[in-house]
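Peer 1: Sharing work_27.cif here; it has mmCIF, C-alpha atoms and all ligand atoms.
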data_model
loop_
_atom_site.label_atom_id
_atom_site.label_comp_id
_atom_site.auth_asym_id
_atom_site.auth_seq_id
_atom_site.Cartn_x
_atom_site.Cartn_y
_atom_site.Cartn_z
CA MET A 1 50.31 -45.25 -168.78
CA LYS A 2 48.18 -48.41 -169.03
CA GLN A 3 50.37 -51.49 -169.18
CA GLY A 4 49.98 -55.27 -169.10
CA ILE A 5 50.19 -57.38 -165.94
CA HIS A 6 53.55 -58.98 -166.85
CA THR A 7 55.11 -55.53 -167.34
CA THR A 8 53.64 -54.31 -164.03
CA ALA A 9 54.96 -57.39 -162.20
CA ILE A 10 58.45 -56.89 -163.61
CA HIS A 11 58.90 -53.12 -163.59
CA THR A 12 56.66 -51.61 -160.89
CA GLY A 13 58.10 -50.47 -157.60
CA MET A 14 61.75 -51.06 -158.38
CA GLU A 15 63.45 -47.72 -157.54
CA LEU A 16 66.91 -48.82 -158.70
CA GLU A 17 70.32 -47.45 -157.74
CA PRO A 18 72.15 -45.78 -160.68
CA ARG A 19 73.31 -48.44 -163.19
CA ASP A 20 71.58 -51.32 -161.30
CA VAL A 21 68.98 -53.49 -163.05
CA THR A 22 67.80 -55.26 -159.89
CA PRO A 23 66.98 -53.67 -156.53
CA ALA A 24 69.68 -53.64 -153.84
CA ILE A 25 69.10 -55.45 -150.54
CA HIS A 26 69.14 -52.95 -147.66
CA MET A 27 69.72 -55.06 -144.55
CA ALA A 28 70.44 -52.17 -142.15
CA ASN A 29 68.31 -52.04 -138.99
CA THR A 30 68.71 -48.28 -138.68
CA TYR A 31 69.85 -45.28 -140.73
CA LEU A 32 72.51 -42.65 -140.10
CA PHE A 33 71.51 -39.00 -139.56
CA GLU A 34 73.90 -36.16 -140.37
CA SER A 35 72.71 -34.00 -137.50
CA ALA A 36 70.41 -33.95 -134.49
CA GLU A 37 68.11 -31.64 -136.46
CA GLU A 38 67.89 -34.12 -139.36
CA ALA A 39 67.05 -36.94 -136.91
CA ALA A 40 64.29 -34.84 -135.32
CA HIS A 41 62.95 -33.89 -138.76
CA ALA A 42 62.84 -37.59 -139.85
CA PHE A 43 60.48 -38.35 -136.97
CA GLU A 44 58.12 -35.61 -138.10
CA THR A 45 58.06 -36.60 -141.79
CA GLU A 46 56.36 -39.62 -143.38
CA GLY A 47 58.44 -42.11 -145.33
CA GLN A 48 61.93 -41.28 -143.98
CA PRO A 49 64.29 -44.25 -143.43
CA ILE A 50 64.71 -44.47 -139.64
CA TYR A 51 64.39 -48.04 -138.39
CA THR A 52 63.46 -51.18 -140.36
CA ARG A 53 60.44 -52.13 -138.25
CA TRP A 54 59.03 -48.73 -139.29
CA GLY A 55 59.94 -49.09 -142.99
CA ASN A 56 62.81 -50.07 -145.25
CA PRO A 57 63.65 -49.36 -148.92
CA THR A 58 63.83 -53.08 -149.87
CA ILE A 59 60.54 -53.88 -148.14
CA GLU A 60 58.96 -50.93 -149.99
CA VAL A 61 59.78 -52.53 -153.36
CA LEU A 62 57.56 -55.49 -152.43
CA GLU A 63 54.87 -53.16 -151.04
CA ARG A 64 54.70 -51.07 -154.23
CA LYS A 65 54.55 -54.19 -156.41
CA ILE A 66 51.65 -55.84 -154.59
CA ALA A 67 49.75 -52.52 -154.35
CA ALA A 68 50.07 -52.10 -158.14
CA LEU A 69 48.97 -55.67 -158.88
CA GLU A 70 45.98 -55.54 -156.51
CA GLY A 71 44.96 -52.03 -157.65
CA ALA A 72 45.34 -50.77 -154.06
CA GLU A 73 46.46 -47.31 -152.93
CA LYS A 74 49.10 -48.72 -150.61
CA ALA A 75 50.42 -51.95 -149.07
CA VAL A 76 52.42 -53.05 -146.07
CA ALA A 77 54.50 -56.24 -145.95
CA THR A 78 54.54 -58.52 -142.90
CA ALA A 79 56.57 -61.42 -141.47
CA SER A 80 54.10 -64.10 -142.58
CA GLY A 81 50.57 -64.53 -143.87
CA MET A 82 49.29 -64.84 -140.30
CA ALA A 83 50.98 -61.52 -139.44
CA ALA A 84 49.07 -59.97 -142.36
CA VAL A 85 45.74 -61.51 -141.30
CA SER A 86 46.12 -60.59 -137.61
CA SER A 87 47.54 -57.09 -138.29
CA ALA A 88 44.73 -56.23 -140.72
CA LEU A 89 42.07 -57.41 -138.26
CA LEU A 90 43.67 -55.68 -135.26
CA ALA A 91 43.88 -52.41 -137.21
CA ALA A 92 40.24 -52.74 -138.26
CA LEU A 93 39.14 -53.29 -134.64
CA GLN A 94 41.02 -50.30 -133.18
CA ASP A 95 38.16 -48.40 -131.63
CA ASP A 96 36.21 -48.43 -128.42
CA GLY A 97 32.87 -50.14 -127.92
CA PRO A 98 31.47 -53.59 -128.71
CA LYS A 99 32.95 -55.36 -131.71
CA HIS A 100 31.76 -58.22 -133.90
CA ILE A 101 33.13 -59.93 -137.01
CA VAL A 102 31.33 -61.98 -139.63
CA ALA A 103 33.74 -64.48 -141.21
CA THR A 104 33.37 -67.11 -143.91
CA THR A 105 33.26 -70.79 -142.92
CA GLY A 106 35.95 -71.56 -145.51
CA LEU A 107 38.95 -70.36 -143.49
CA TYR A 108 42.59 -71.42 -143.29
CA SER A 109 42.98 -73.04 -139.84
CA GLY A 110 45.36 -70.36 -138.46
CA THR A 111 42.86 -67.64 -139.37
CA PHE A 112 40.00 -69.74 -137.97
CA HIS A 113 41.79 -70.01 -134.62
CA PHE A 114 42.81 -66.33 -134.55
CA ILE A 115 39.23 -65.24 -135.18
CA THR A 116 37.41 -67.78 -133.01
CA LYS A 117 39.93 -68.27 -130.16
CA ASP A 118 42.34 -65.30 -129.88
CA LEU A 119 40.09 -62.35 -130.72
CA PRO A 120 37.40 -63.29 -128.13
CA HIS A 121 40.08 -62.70 -125.43
CA PHE A 122 40.06 -59.06 -126.59
CA GLY A 123 36.27 -58.85 -126.40
CA VAL A 124 35.61 -59.44 -130.11
CA GLU A 125 32.67 -61.70 -130.98
CA THR A 126 32.49 -63.70 -134.21
CA THR A 127 29.82 -65.32 -136.33
CA LEU A 128 30.77 -67.76 -139.09
CA ALA A 129 28.62 -67.45 -142.22
CA GLU A 130 28.26 -70.25 -144.78
CA ALA A 131 30.91 -69.42 -147.40
CA THR A 132 28.76 -69.99 -150.47
CA ASP A 133 25.63 -68.12 -149.28
CA PRO A 134 25.70 -64.28 -149.39
CA THR A 135 22.38 -64.13 -147.53
CA ALA A 136 24.04 -65.89 -144.56
CA PHE A 137 26.46 -62.94 -144.34
CA ALA A 138 23.61 -60.44 -144.45
CA ALA A 139 21.73 -62.37 -141.74
CA ALA A 140 24.80 -62.50 -139.45
CA ILE A 141 25.38 -58.72 -139.40
CA ARG A 142 24.73 -56.92 -136.10
CA PRO A 143 24.82 -53.19 -135.27
CA GLU A 144 28.32 -53.69 -133.79
CA THR A 145 29.72 -55.61 -136.80
CA ARG A 146 33.01 -53.96 -137.80
CA VAL A 147 34.43 -56.40 -140.36
CA ILE A 148 33.31 -59.00 -142.88
CA TYR A 149 36.23 -61.37 -143.41
CA LEU A 150 36.40 -63.45 -146.62
CA GLU A 151 38.75 -66.09 -148.01
CA THR A 152 38.05 -67.17 -151.58
CA PRO A 153 38.78 -69.77 -152.82
CA GLY A 154 38.85 -71.12 -149.25
CA ASN A 155 41.63 -73.35 -147.95
CA PRO A 156 41.24 -76.27 -148.55
CA THR A 157 37.60 -76.66 -149.69
CA LEU A 158 37.89 -74.22 -152.61
CA ALA A 159 34.43 -72.91 -151.63
CA LEU A 160 33.89 -69.46 -153.15
CA ASN A 161 32.50 -66.32 -151.54
CA ASP A 162 30.45 -64.18 -153.94
CA ILE A 163 32.78 -61.19 -153.65
CA ALA A 164 30.70 -58.51 -155.41
CA ALA A 165 27.46 -59.45 -153.59
CA ILE A 166 29.02 -59.55 -150.11
CA ALA A 167 31.16 -56.41 -150.65
CA ALA A 168 28.03 -54.51 -151.76
CA LEU A 169 26.02 -55.45 -148.68
CA ALA A 170 28.98 -54.56 -146.43
CA ARG A 171 29.54 -51.20 -148.12
CA ALA A 172 25.84 -50.30 -147.83
CA ARG A 173 26.16 -50.75 -144.04
CA GLY A 174 29.58 -49.05 -143.66
CA ILE A 175 31.30 -52.35 -142.72
CA LEU A 176 34.93 -52.94 -143.75
CA THR A 177 35.63 -56.02 -145.91
CA ILE A 178 38.94 -57.89 -145.71
CA LEU A 179 39.64 -60.69 -148.21
CA ASP A 180 42.41 -63.31 -148.21
CA ASN A 181 43.48 -63.52 -151.88
CA THR A 182 46.27 -66.08 -151.32
CA PHE A 183 44.73 -68.87 -153.41
CA ALA A 184 43.66 -66.78 -156.42
CA THR A 185 46.40 -64.11 -156.52
CA PRO A 186 45.73 -60.79 -158.33
CA VAL A 187 46.47 -62.56 -161.62
CA ASN A 188 43.22 -64.54 -161.35
CA GLN A 189 41.02 -62.33 -159.14
CA ARG A 190 40.97 -58.59 -158.33
CA PRO A 191 38.89 -58.22 -155.14
CA ILE A 192 39.35 -54.42 -154.83
CA ALA A 193 37.85 -53.91 -158.30
CA LEU A 194 34.87 -56.00 -157.07
CA GLY A 195 34.28 -53.66 -154.09
CA VAL A 196 36.44 -55.17 -151.33
CA ASP A 197 38.32 -52.69 -149.09
CA VAL A 198 41.40 -54.62 -147.98
CA VAL A 199 43.26 -57.63 -149.41
CA VAL A 200 45.64 -59.86 -147.43
CA HIS A 201 48.01 -62.58 -148.65
CA SER A 202 50.24 -65.28 -147.36
CA ALA A 203 53.12 -64.16 -149.61
CA THR A 204 54.81 -67.41 -148.52
CA LYS A 205 52.74 -69.07 -151.26
CA PHE A 206 52.29 -67.99 -154.89
CA LEU A 207 53.75 -64.46 -154.52
CA CYS A 208 57.09 -65.92 -153.42
CA GLY A 209 56.52 -68.96 -155.61
CA HIS A 210 59.67 -70.90 -154.80
CA GLY A 211 59.00 -72.12 -151.25
CA ASP A 212 61.97 -70.29 -149.74
CA ALA A 213 60.72 -67.13 -147.99
CA MET A 214 57.89 -66.49 -145.53
CA GLY A 215 55.97 -63.25 -145.73
CA GLY A 216 52.60 -61.58 -145.95
CA VAL A 217 51.02 -58.41 -147.29
CA VAL A 218 48.06 -56.17 -146.52
CA ALA A 219 46.89 -53.92 -149.40
CA GLY A 220 44.12 -51.33 -149.33
CA PRO A 221 43.27 -47.63 -148.80
CA ALA A 222 46.27 -45.47 -147.78
CA ASP A 223 44.76 -44.40 -144.44
CA PHE A 224 44.02 -48.01 -143.45
CA ILE A 225 47.51 -49.23 -144.42
CA THR A 226 49.07 -46.39 -142.40
CA ARG A 227 46.95 -47.57 -139.45
CA VAL A 228 48.25 -51.16 -139.90
CA LEU A 229 51.84 -49.93 -140.07
CA LYS A 230 51.68 -47.51 -137.17
CA GLY A 231 49.70 -49.84 -134.87
CA PRO A 232 50.02 -53.63 -135.24
CA ILE A 233 53.25 -53.75 -137.27
CA ARG A 234 55.20 -51.31 -135.11
CA HIS A 235 53.83 -52.52 -131.78
CA PHE A 236 53.09 -56.23 -132.27
CA GLY A 237 56.29 -56.32 -134.33
CA GLY A 238 55.33 -58.54 -137.29
CA CYS A 239 57.61 -56.78 -139.79
CA ILE A 240 59.24 -58.74 -142.63
CA SER A 241 62.98 -59.28 -143.04
CA PRO A 242 64.35 -57.18 -145.95
CA PHE A 243 65.97 -60.32 -147.37
CA ASN A 244 62.63 -62.17 -147.45
CA ALA A 245 60.98 -59.09 -148.97
CA TRP A 246 63.64 -59.07 -151.69
CA LEU A 247 63.13 -62.78 -152.45
CA ILE A 248 59.34 -62.35 -152.61
CA ALA A 249 59.56 -59.22 -154.80
CA ARG A 250 61.88 -61.15 -157.12
CA GLY A 251 59.42 -64.06 -157.19
CA MET A 252 56.62 -61.65 -158.05
CA THR A 253 58.29 -60.59 -161.29
CA THR A 254 57.28 -64.00 -162.71
CA LEU A 255 53.94 -64.27 -160.85
CA PRO A 256 51.69 -63.77 -163.92
CA LEU A 257 53.79 -66.21 -165.96
CA ARG A 258 53.78 -68.83 -163.20
CA MET A 259 50.03 -68.43 -162.58
CA GLU A 260 49.28 -69.07 -166.26
CA ARG A 261 51.04 -72.43 -165.94
CA HIS A 262 49.62 -73.22 -162.46
CA ASN A 263 46.17 -72.57 -163.97
CA ALA A 264 46.74 -74.70 -167.09
CA ASN A 265 48.38 -77.62 -165.24
CA SER A 266 45.71 -77.63 -162.51
CA LEU A 267 42.82 -77.70 -164.99
CA ARG A 268 44.43 -80.63 -166.84
CA VAL A 269 44.97 -82.52 -163.56
CA ALA A 270 41.36 -81.79 -162.47
CA GLU A 271 40.04 -83.11 -165.81
CA TRP A 272 42.18 -86.24 -165.52
CA LEU A 273 41.07 -86.89 -161.92
CA HIS A 274 37.43 -86.30 -162.86
CA ALA A 275 37.64 -89.03 -165.53
CA HIS A 276 39.47 -91.50 -163.25
CA PRO A 277 37.34 -94.44 -162.03
CA ALA A 278 39.04 -94.50 -158.59
CA VAL A 279 38.16 -90.84 -157.83
CA ALA A 280 34.96 -90.15 -155.83
CA TRP A 281 34.86 -86.42 -156.51
CA VAL A 282 37.12 -83.56 -157.62
CA ARG A 283 36.81 -79.81 -157.08
CA TYR A 284 38.59 -77.05 -159.00
CA PRO A 285 37.06 -73.57 -159.57
CA TRP A 286 37.44 -73.69 -163.35
CA HIS A 287 36.16 -77.29 -163.70
CA PRO A 288 32.41 -77.60 -164.45
CA ALA A 289 32.08 -80.13 -161.58
CA HIS A 290 32.71 -77.29 -159.08
CA PRO A 291 29.29 -76.34 -157.65
CA GLN A 292 30.13 -72.63 -158.13
CA TYR A 293 31.68 -72.94 -161.59
CA ASP A 294 29.66 -70.00 -163.00
CA LEU A 295 30.71 -67.71 -160.15
CA ALA A 296 34.36 -68.77 -160.64
CA GLN A 297 34.14 -67.84 -164.31
CA ARG A 298 32.79 -64.40 -163.34
CA GLN A 299 35.02 -63.44 -160.42
CA MET A 300 38.21 -65.34 -161.34
CA PRO A 301 38.61 -64.30 -164.98
CA GLY A 302 42.35 -65.08 -165.00
CA GLY A 303 41.98 -68.77 -164.17
CA GLY A 304 41.10 -71.27 -161.46
CA GLY A 305 44.41 -71.13 -159.56
CA GLY A 306 46.97 -73.73 -158.56
CA VAL A 307 45.08 -75.95 -156.11
CA VAL A 308 42.88 -78.99 -156.86
CA VAL A 309 41.10 -81.00 -154.15
CA PHE A 310 39.66 -84.49 -154.47
CA GLU A 311 38.76 -87.66 -152.61
CA LEU A 312 39.45 -91.23 -153.69
CA LYS A 313 36.67 -93.82 -153.56
CA GLY A 314 38.54 -95.62 -150.74
CA GLY A 315 38.31 -92.46 -148.60
CA LEU A 316 40.94 -91.81 -145.93
CA GLU A 317 42.75 -95.14 -146.40
CA ALA A 318 43.09 -94.79 -150.16
CA GLY A 319 44.21 -91.17 -149.71
CA ALA A 320 46.92 -92.19 -147.23
CA ARG A 321 48.12 -94.88 -149.68
CA LEU A 322 48.36 -92.25 -152.43
CA LEU A 323 50.34 -89.87 -150.20
CA ASN A 324 52.76 -92.66 -149.34
CA ARG A 325 53.26 -93.75 -152.95
CA VAL A 326 53.79 -90.51 -154.89
CA ARG A 327 57.39 -89.58 -155.67
CA LEU A 328 57.28 -86.37 -157.74
CA CYS A 329 54.54 -84.76 -155.63
CA ALA A 330 56.12 -83.66 -152.33
CA LEU A 331 54.28 -84.57 -149.13
CA THR A 332 54.22 -81.19 -147.36
CA VAL A 333 51.76 -78.69 -145.86
CA SER A 334 52.26 -75.66 -148.12
CA LEU A 335 51.17 -74.57 -151.61
CA GLY A 336 52.06 -72.14 -154.37
CA ASP A 337 55.49 -73.60 -155.04
CA VAL A 338 57.12 -74.35 -158.42
CA ARG A 339 56.99 -78.04 -157.45
CA THR A 340 53.80 -80.01 -156.85
CA LEU A 341 52.91 -80.40 -153.17
CA ILE A 342 50.38 -82.86 -151.74
CA THR A 343 48.65 -82.57 -148.35
CA HIS A 344 46.05 -84.35 -146.24
CA PRO A 345 44.41 -81.39 -144.41
CA ALA A 346 42.28 -83.40 -141.92
CA SER A 347 45.38 -84.95 -140.29
CA THR A 348 47.74 -81.95 -140.68
CA THR A 349 46.86 -78.30 -141.46
CA HIS A 350 43.25 -78.58 -140.19
CA ARG A 351 43.88 -81.22 -137.49
CA SER A 352 43.17 -78.70 -134.72
CA VAL A 353 39.80 -77.65 -136.17
CA PRO A 354 37.03 -79.62 -134.36
CA ARG A 355 35.89 -82.54 -136.59
CA GLU A 356 32.25 -81.37 -136.68
CA THR A 357 33.32 -77.85 -137.75
CA ARG A 358 35.72 -79.33 -140.30
CA LEU A 359 33.07 -81.61 -141.82
CA ALA A 360 30.49 -78.82 -141.83
CA ALA A 361 32.96 -76.66 -143.77
CA GLY A 362 33.37 -79.46 -146.35
CA ILE A 363 36.80 -80.76 -145.23
CA SER A 364 36.06 -84.49 -145.31
CA ASP A 365 38.38 -87.05 -143.69
CA GLY A 366 39.64 -88.29 -147.06
CA LEU A 367 40.08 -84.90 -148.82
CA VAL A 368 43.45 -84.61 -150.58
CA ARG A 369 44.81 -81.15 -151.45
CA LEU A 370 47.08 -81.01 -154.47
CA ALA A 371 49.01 -77.78 -155.03
CA VAL A 372 49.85 -78.31 -158.68
CA GLY A 373 53.33 -77.12 -159.63
CA LEU A 374 55.01 -76.09 -162.84
CA GLU A 375 56.46 -79.45 -163.87
CA ASP A 376 55.40 -81.08 -167.17
CA VAL A 377 51.80 -81.97 -166.49
CA GLU A 378 52.20 -85.46 -167.99
CA ASP A 379 54.78 -86.20 -165.28
CA ILE A 380 52.45 -84.98 -162.50
CA ILE A 381 49.64 -87.15 -163.88
CA ALA A 382 51.95 -90.18 -164.25
CA ASP A 383 53.00 -89.79 -160.59
CA LEU A 384 49.36 -89.59 -159.46
CA GLU A 385 48.44 -92.63 -161.59
CA GLU A 386 51.25 -94.61 -159.94
CA GLY A 387 49.98 -93.54 -156.54
CA ILE A 388 46.30 -94.25 -157.22
CA SER A 389 46.62 -97.52 -159.12
CA ASN A 390 46.64 -100.79 -157.19
CA ARG A 391 49.57 -102.17 -159.16
C1 LIG A 401 44.78 -68.88 -147.26
C2 LIG A 401 45.89 -68.72 -146.28
N1 LIG A 401 45.98 -67.57 -145.57
C3 LIG A 401 46.95 -67.38 -144.64
C4 LIG A 401 47.88 -68.36 -144.39
C5 LIG A 401 48.96 -68.12 -143.38
O1 LIG A 401 50.15 -67.85 -144.05
P1 LIG A 401 51.61 -68.05 -143.40
O2 LIG A 401 51.82 -69.53 -143.29
O3 LIG A 401 52.52 -67.38 -144.39
O4 LIG A 401 51.59 -67.39 -142.07
C6 LIG A 401 47.84 -69.57 -145.11
C7 LIG A 401 48.82 -70.63 -144.85
O5 LIG A 401 48.71 -71.74 -145.33
C8 LIG A 401 46.81 -69.74 -146.07
O6 LIG A 401 46.70 -70.87 -146.78
#
Would you mind writing the file's structure down as C-alpha cells?
Peer 2:
Amino acid sequence: MKQGIHTTAIHTGMELEPRDVTPAIHMANTYLFESAEEAAHAFETEGQPIYTRWGNPTIEVLERKIAALEGAEKAVATASGMAAVSSALLAALQDDGPKHIVATTGLYSGTFHFITKDLPHFGVETTLAEATDPTAFAAAIRPETRVIYLETPGNPTLALNDIAAIAALARARGILTILDNTFATPVNQRPIALGVDVVVHSATKFLCGHGDAMGGVVAGPADFITRVLKGPIRHFGGCISPFNAWLIARGMTTLPLRMERHNANSLRVAEWLHAHPAVAWVRYPWHPAHPQYDLAQRQMPGGGGGVVVFELKGGLEAGARLLNRVRLCALTVSLGDVRTLITHPASTTHRSVPRETRLAAGISDGLVRLAVGLEDVEDIIADLEEGISNR
C-alpha cells in the first residue's frame, strides 16, 4: 500500500510485541537455543538471532526504517557514520586486483582521511574529482575504478554533486556508486531513485535528531548489504549498540516533521544573512545565491536541509567574535540536532585537512557552519544579530 513519508517513518519496521505500541529494547549479547540441533540450524539459516554483532531485533527496527525511507532493498546499522562509510567502502573493494576510487572534493574530513590516507595502505588509489563538475568524474575514471563516492550537499561547503548525471555515467561503466546522504536525509533527497546504488548516513545527525546517540547506516541492494554485514561489520566489528539503535529509530519517527522545520528555519536564516550588511556571502541549497540553486531544486525536492554556511566581511576574526558572542547557538562540532549548533570548520572539524586542499574545496578560513535547529526562528536570528553586531 502506498503511504506518506510521515506514516512510513512512524509505522515501518516496528515488529511489536503483543500489546506493545513501541518496540522493546533487546540488549542481550547472545540468544538461548533449546537444543544443540537448534543451535546448529541457526548457523545455517539467515536472520536467526544468535549474537548481536551478527544481528539483533532492536537494531533491525532501525534497519527496516531507513531501508523504507531510502527506497532500498535492505540496510545495516553501524556504530557511527564513519563505521558506515568505511564498512561500505571495504565491502565494495572486496576483490582481488588493482583498485581505484573516484571521490568528490566535498568530503567530510573523516571520510577524506579514510579515502586518501587509510585506503592507500591497502593498495587502493584515489582521485578526487571537483564536486560540482560531472565531467571531472568521467575524466577521473580508470579501468580499475571500483567505486564513485559522493557526498551531497558536502560538509561543510554545501557543494552539490549532480547525482543523476554521475550515477548514469557510473552505471554505464559498471562502477558502484556510494552516496553520503547525511546532510539532505531521505526527506529532502532520494539518491537511490536517482540511480545511486548505496546510501550511507551518519545517523548521529538528523536521523537521531536529538544529539544523544551515535550511529550510522548503509542502505542498498540486498546482496551488497549482506556483504557489508558478513564482512566489515562482523570482522572489523563496527556494530551499533541496541540502545543507540532504539534511540535513533525513535528519533526517526519524527524525521519528516523535524526536516520540514529544519528546512523552513534554515531558509529564513539564509535570507536574513543574505540581506545583512556585515555578511560577505551566504550559501544554502534552496537560496538563489547558491551557485547550484537550480540543481538543488531538481534533486532536493523536499527542501534545502538544516545547514547554512556563510562568511562575515571581517573574515576569520569577525567569525571568531560571532562564535564567542552567541548564546542560544551552541558552539559545537556536530549538526542535525533539535538545537542550533555553530561551528568553525577550518579550526576544528577540517583542521587536519591541508590548508591548500581545504581552500581548493571551498572551505575558507572564515567560513561559519550553522546547523539550524528547531527553535523559534526569530530567536535564532536575534542571537545571530547580537553576535554579529558591534554593539
Ligand atoms: C557528512 C558526514 N558523513 C559522515 C560523518 C561521520 O559520522 P560520525 O561522526 O557519526 O562517525 C559526518 C560527521 O560529521 C558527516 O558530517
Peer 1: Go through chain A and flag each residue having an atom no more than 9 Å from ligand LIG 401 (chain A); for those, report the closest pair of atoms plus their distance in Å to one decimal, using all atoms listed in the file, ordered by chain and rising number, as a Markdown table.
Peer 2:
| residue | atom | partner | partner_atom | distance |
| --- | --- | --- | --- | --- |
| A:Ala79 | CA | A:LIG401 | O3 | 7.8 |
| A:Ser80 | CA | A:LIG401 | O3 | 4.1 |
| A:Gly81 | CA | A:LIG401 | O1 | 3.4 |
| A:Met82 | CA | A:LIG401 | O4 | 3.9 |
| A:Ala83 | CA | A:LIG401 | O4 | 6.5 |
| A:Ala84 | CA | A:LIG401 | O4 | 7.8 |
| A:Val85 | CA | A:LIG401 | C3 | 6.9 |
| A:Leu107 | CA | A:LIG401 | C1 | 7.1 |
| A:Tyr108 | CA | A:LIG401 | C1 | 5.2 |
| A:Ser109 | CA | A:LIG401 | C6 | 8.0 |
| A:Gly110 | CA | A:LIG401 | C5 | 6.5 |
| A:Thr111 | CA | A:LIG401 | C3 | 6.7 |
| A:Glu151 | CA | A:LIG401 | C1 | 6.7 |
| A:Thr152 | CA | A:LIG401 | C1 | 8.2 |
| A:Pro153 | CA | A:LIG401 | C1 | 8.2 |
| A:Gly154 | CA | A:LIG401 | C1 | 6.6 |
| A:Asn155 | CA | A:LIG401 | C1 | 5.5 |
| A:Pro156 | CA | A:LIG401 | O6 | 7.9 |
| A:Asp180 | CA | A:LIG401 | C1 | 6.1 |
| A:Asn181 | CA | A:LIG401 | C1 | 7.2 |
| A:Thr182 | CA | A:LIG401 | C1 | 5.2 |
| A:Phe183 | CA | A:LIG401 | C1 | 6.2 |
| A:Val200 | CA | A:LIG401 | N1 | 7.9 |
| A:His201 | CA | A:LIG401 | N1 | 6.2 |
| A:Ser202 | CA | A:LIG401 | O1 | 4.2 |
| A:Ala203 | CA | A:LIG401 | O3 | 6.2 |
| A:Thr204 | CA | A:LIG401 | O3 | 4.7 |
| A:Lys205 | CA | A:LIG401 | O3 | 7.1 |
| A:Ala213 | CA | A:LIG401 | O3 | 9.0 |
| A:Met214 | CA | A:LIG401 | O3 | 5.6 |
| A:Gly215 | CA | A:LIG401 | O3 | 5.5 |
| A:Gly216 | CA | A:LIG401 | O3 | 6.0 |
| A:Val333 | CA | A:LIG401 | O5 | 7.6 |
| A:Ser334 | CA | A:LIG401 | O5 | 6.0 |
| A:Leu335 | CA | A:LIG401 | O5 | 7.3 |
| A:Thr349 | CA | A:LIG401 | O5 | 7.8 |
Peer 1: What does the file look like for those residues with C-alpha atoms, as a short mmCIF file (atom, residue, chain, number, x, y, z; two decimals), in the coordinates of the input?
Peer 2:
data_model
loop_
_atom_site.label_atom_id
_atom_site.label_comp_id
_atom_site.auth_asym_id
_atom_site.auth_seq_id
_atom_site.Cartn_x
_atom_site.Cartn_y
_atom_site.Cartn_z
CA ALA A 79 56.57 -61.42 -141.47
CA SER A 80 54.10 -64.10 -142.58
CA GLY A 81 50.57 -64.53 -143.87
CA MET A 82 49.29 -64.84 -140.30
CA ALA A 83 50.98 -61.52 -139.44
CA ALA A 84 49.07 -59.97 -142.36
CA VAL A 85 45.74 -61.51 -141.30
CA LEU A 107 38.95 -70.36 -143.49
CA TYR A 108 42.59 -71.42 -143.29
CA SER A 109 42.98 -73.04 -139.84
CA GLY A 110 45.36 -70.36 -138.46
CA THR A 111 42.86 -67.64 -139.37
CA GLU A 151 38.75 -66.09 -148.01
CA THR A 152 38.05 -67.17 -151.58
CA PRO A 153 38.78 -69.77 -152.82
CA GLY A 154 38.85 -71.12 -149.25
CA ASN A 155 41.63 -73.35 -147.95
CA PRO A 156 41.24 -76.27 -148.55
CA ASP A 180 42.41 -63.31 -148.21
CA ASN A 181 43.48 -63.52 -151.88
CA THR A 182 46.27 -66.08 -151.32
CA PHE A 183 44.73 -68.87 -153.41
CA VAL A 200 45.64 -59.86 -147.43
CA HIS A 201 48.01 -62.58 -148.65
CA SER A 202 50.24 -65.28 -147.36
CA ALA A 203 53.12 -64.16 -149.61
CA THR A 204 54.81 -67.41 -148.52
CA LYS A 205 52.74 -69.07 -151.26
CA ALA A 213 60.72 -67.13 -147.99
CA MET A 214 57.89 -66.49 -145.53
CA GLY A 215 55.97 -63.25 -145.73
CA GLY A 216 52.60 -61.58 -145.95
CA VAL A 333 51.76 -78.69 -145.86
CA SER A 334 52.26 -75.66 -148.12
CA LEU A 335 51.17 -74.57 -151.61
CA THR A 349 46.86 -78.30 -141.46
#
Peer 1: Taking only C-alpha atoms into account, name the residue in A:Pro232, A:Gly314, A:Gly387, A:Pro57 that is nearest to Leu90 of chain A.
Peer 2: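 The answer is A:Pro232, which sits nearest to Leu90 of chain A.
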Peer 1: Need the neighbours of (47.1, -82.2, -166.8): which residues are at most 7 Å away, counting only C-alpha atoms, as a list of chain:residue names?
Peer 2: A:Asn265, A:Ser266, A:Leu267, A:Arg268, A:Val269, A:Trp272, A:Val377, A:Glu378, A:Ile381
Peer 1: I'd like the interatomic distance between atom CA of Asp379 of chain A and atom CA of Thr343 of chain A, to a tenth of an Å.
Peer 2: 18.4 Å
Peer 1: For segment 29-36 of chain A, please output as a list in words all residues within 10 Å (counting all atoms listed in the file; exclusion window: fewer than 2 positions along the same chain).
Peer 2: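 Here the answer would be His26, Met27, Glu38, Ala39, Ala40, His41, Ala42, Gln48, Pro49, Ile50, Tyr51, Thr52, Arg53, Trp54, Gly55, Asn56, Ser241 and Pro242 of chain A.
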Peer 1: Give me, please, the distance in Å between atom CA of Ser347 of chain A and atom CA of Leu370 of chain A, quoted to one decimal.
Peer 2: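 So the answer is 14.8 Å.
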Peer 1: Let me make sure I understand: among A:Leu169, A:Ala91, A:Ile175, A:Ile192, which one has the smallest atom-to-atom distance to Arg234 of chain A if we use only C-alpha atoms?
Peer 2: A:Ala91
Peer 1: Find the residues around Val228 of chain A up to 12 Å (all atoms listed in the file counted), leave out those fewer than 6 positions away in its own chain, and share them as a PyMOL selection string.
Peer 2: chain A and resi 54+74-78+83-94+198+200+217-222+234-239
Peer 1: I need the residue nearest Glu385 of chain A from this list: A:Gln292, A:His276, A:Ala346, A:Val372. Use all atoms listed in the file for the distance.
Peer 2: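 Comparing A:Gln292, A:His276, A:Ala346, A:Val372 against Glu385 of chain A, the winner is A:His276.
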Peer 1: Any idea what the distance is between atom CA of Val147 of chain A and atom CA of Phe224 of chain A?
Peer 2: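 Atom CA of Phe224 of chain A lies at a distance of 13.1 Å from atom CA of Val147 of chain A.
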Peer 1: I'd like the neighbourhood of Met300 of chain A as a VMD selection string, where a residue qualifies if any of its atoms comes within 12 Å (using only C-alpha atoms), though same-chain residues fewer than 2 positions away should be ignored.
Peer 2: chain A and resid 152 to 153 160 to 164 181 183 to 191 193 to 194 263 284 to 286 292 to 298 302 to 305
Peer 1: Residues within 10 Å of (34.3, -54.5, -137.2), file coordinates, counting only C-alpha atoms: what are they? Give the list as a list in words.
Peer 2: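 The requested residues, written out, are Leu89, Leu90, Ala91, Ala92, Leu93, Gln94, Asp95, Pro98, Lys99, His100, Ile101, Val102, Val124, Glu125, Thr126, Arg142, Pro143, Glu144, Thr145, Arg146, Val147, Ile148, Tyr149, Gly174, Ile175, Leu176 and Thr177 of chain A.
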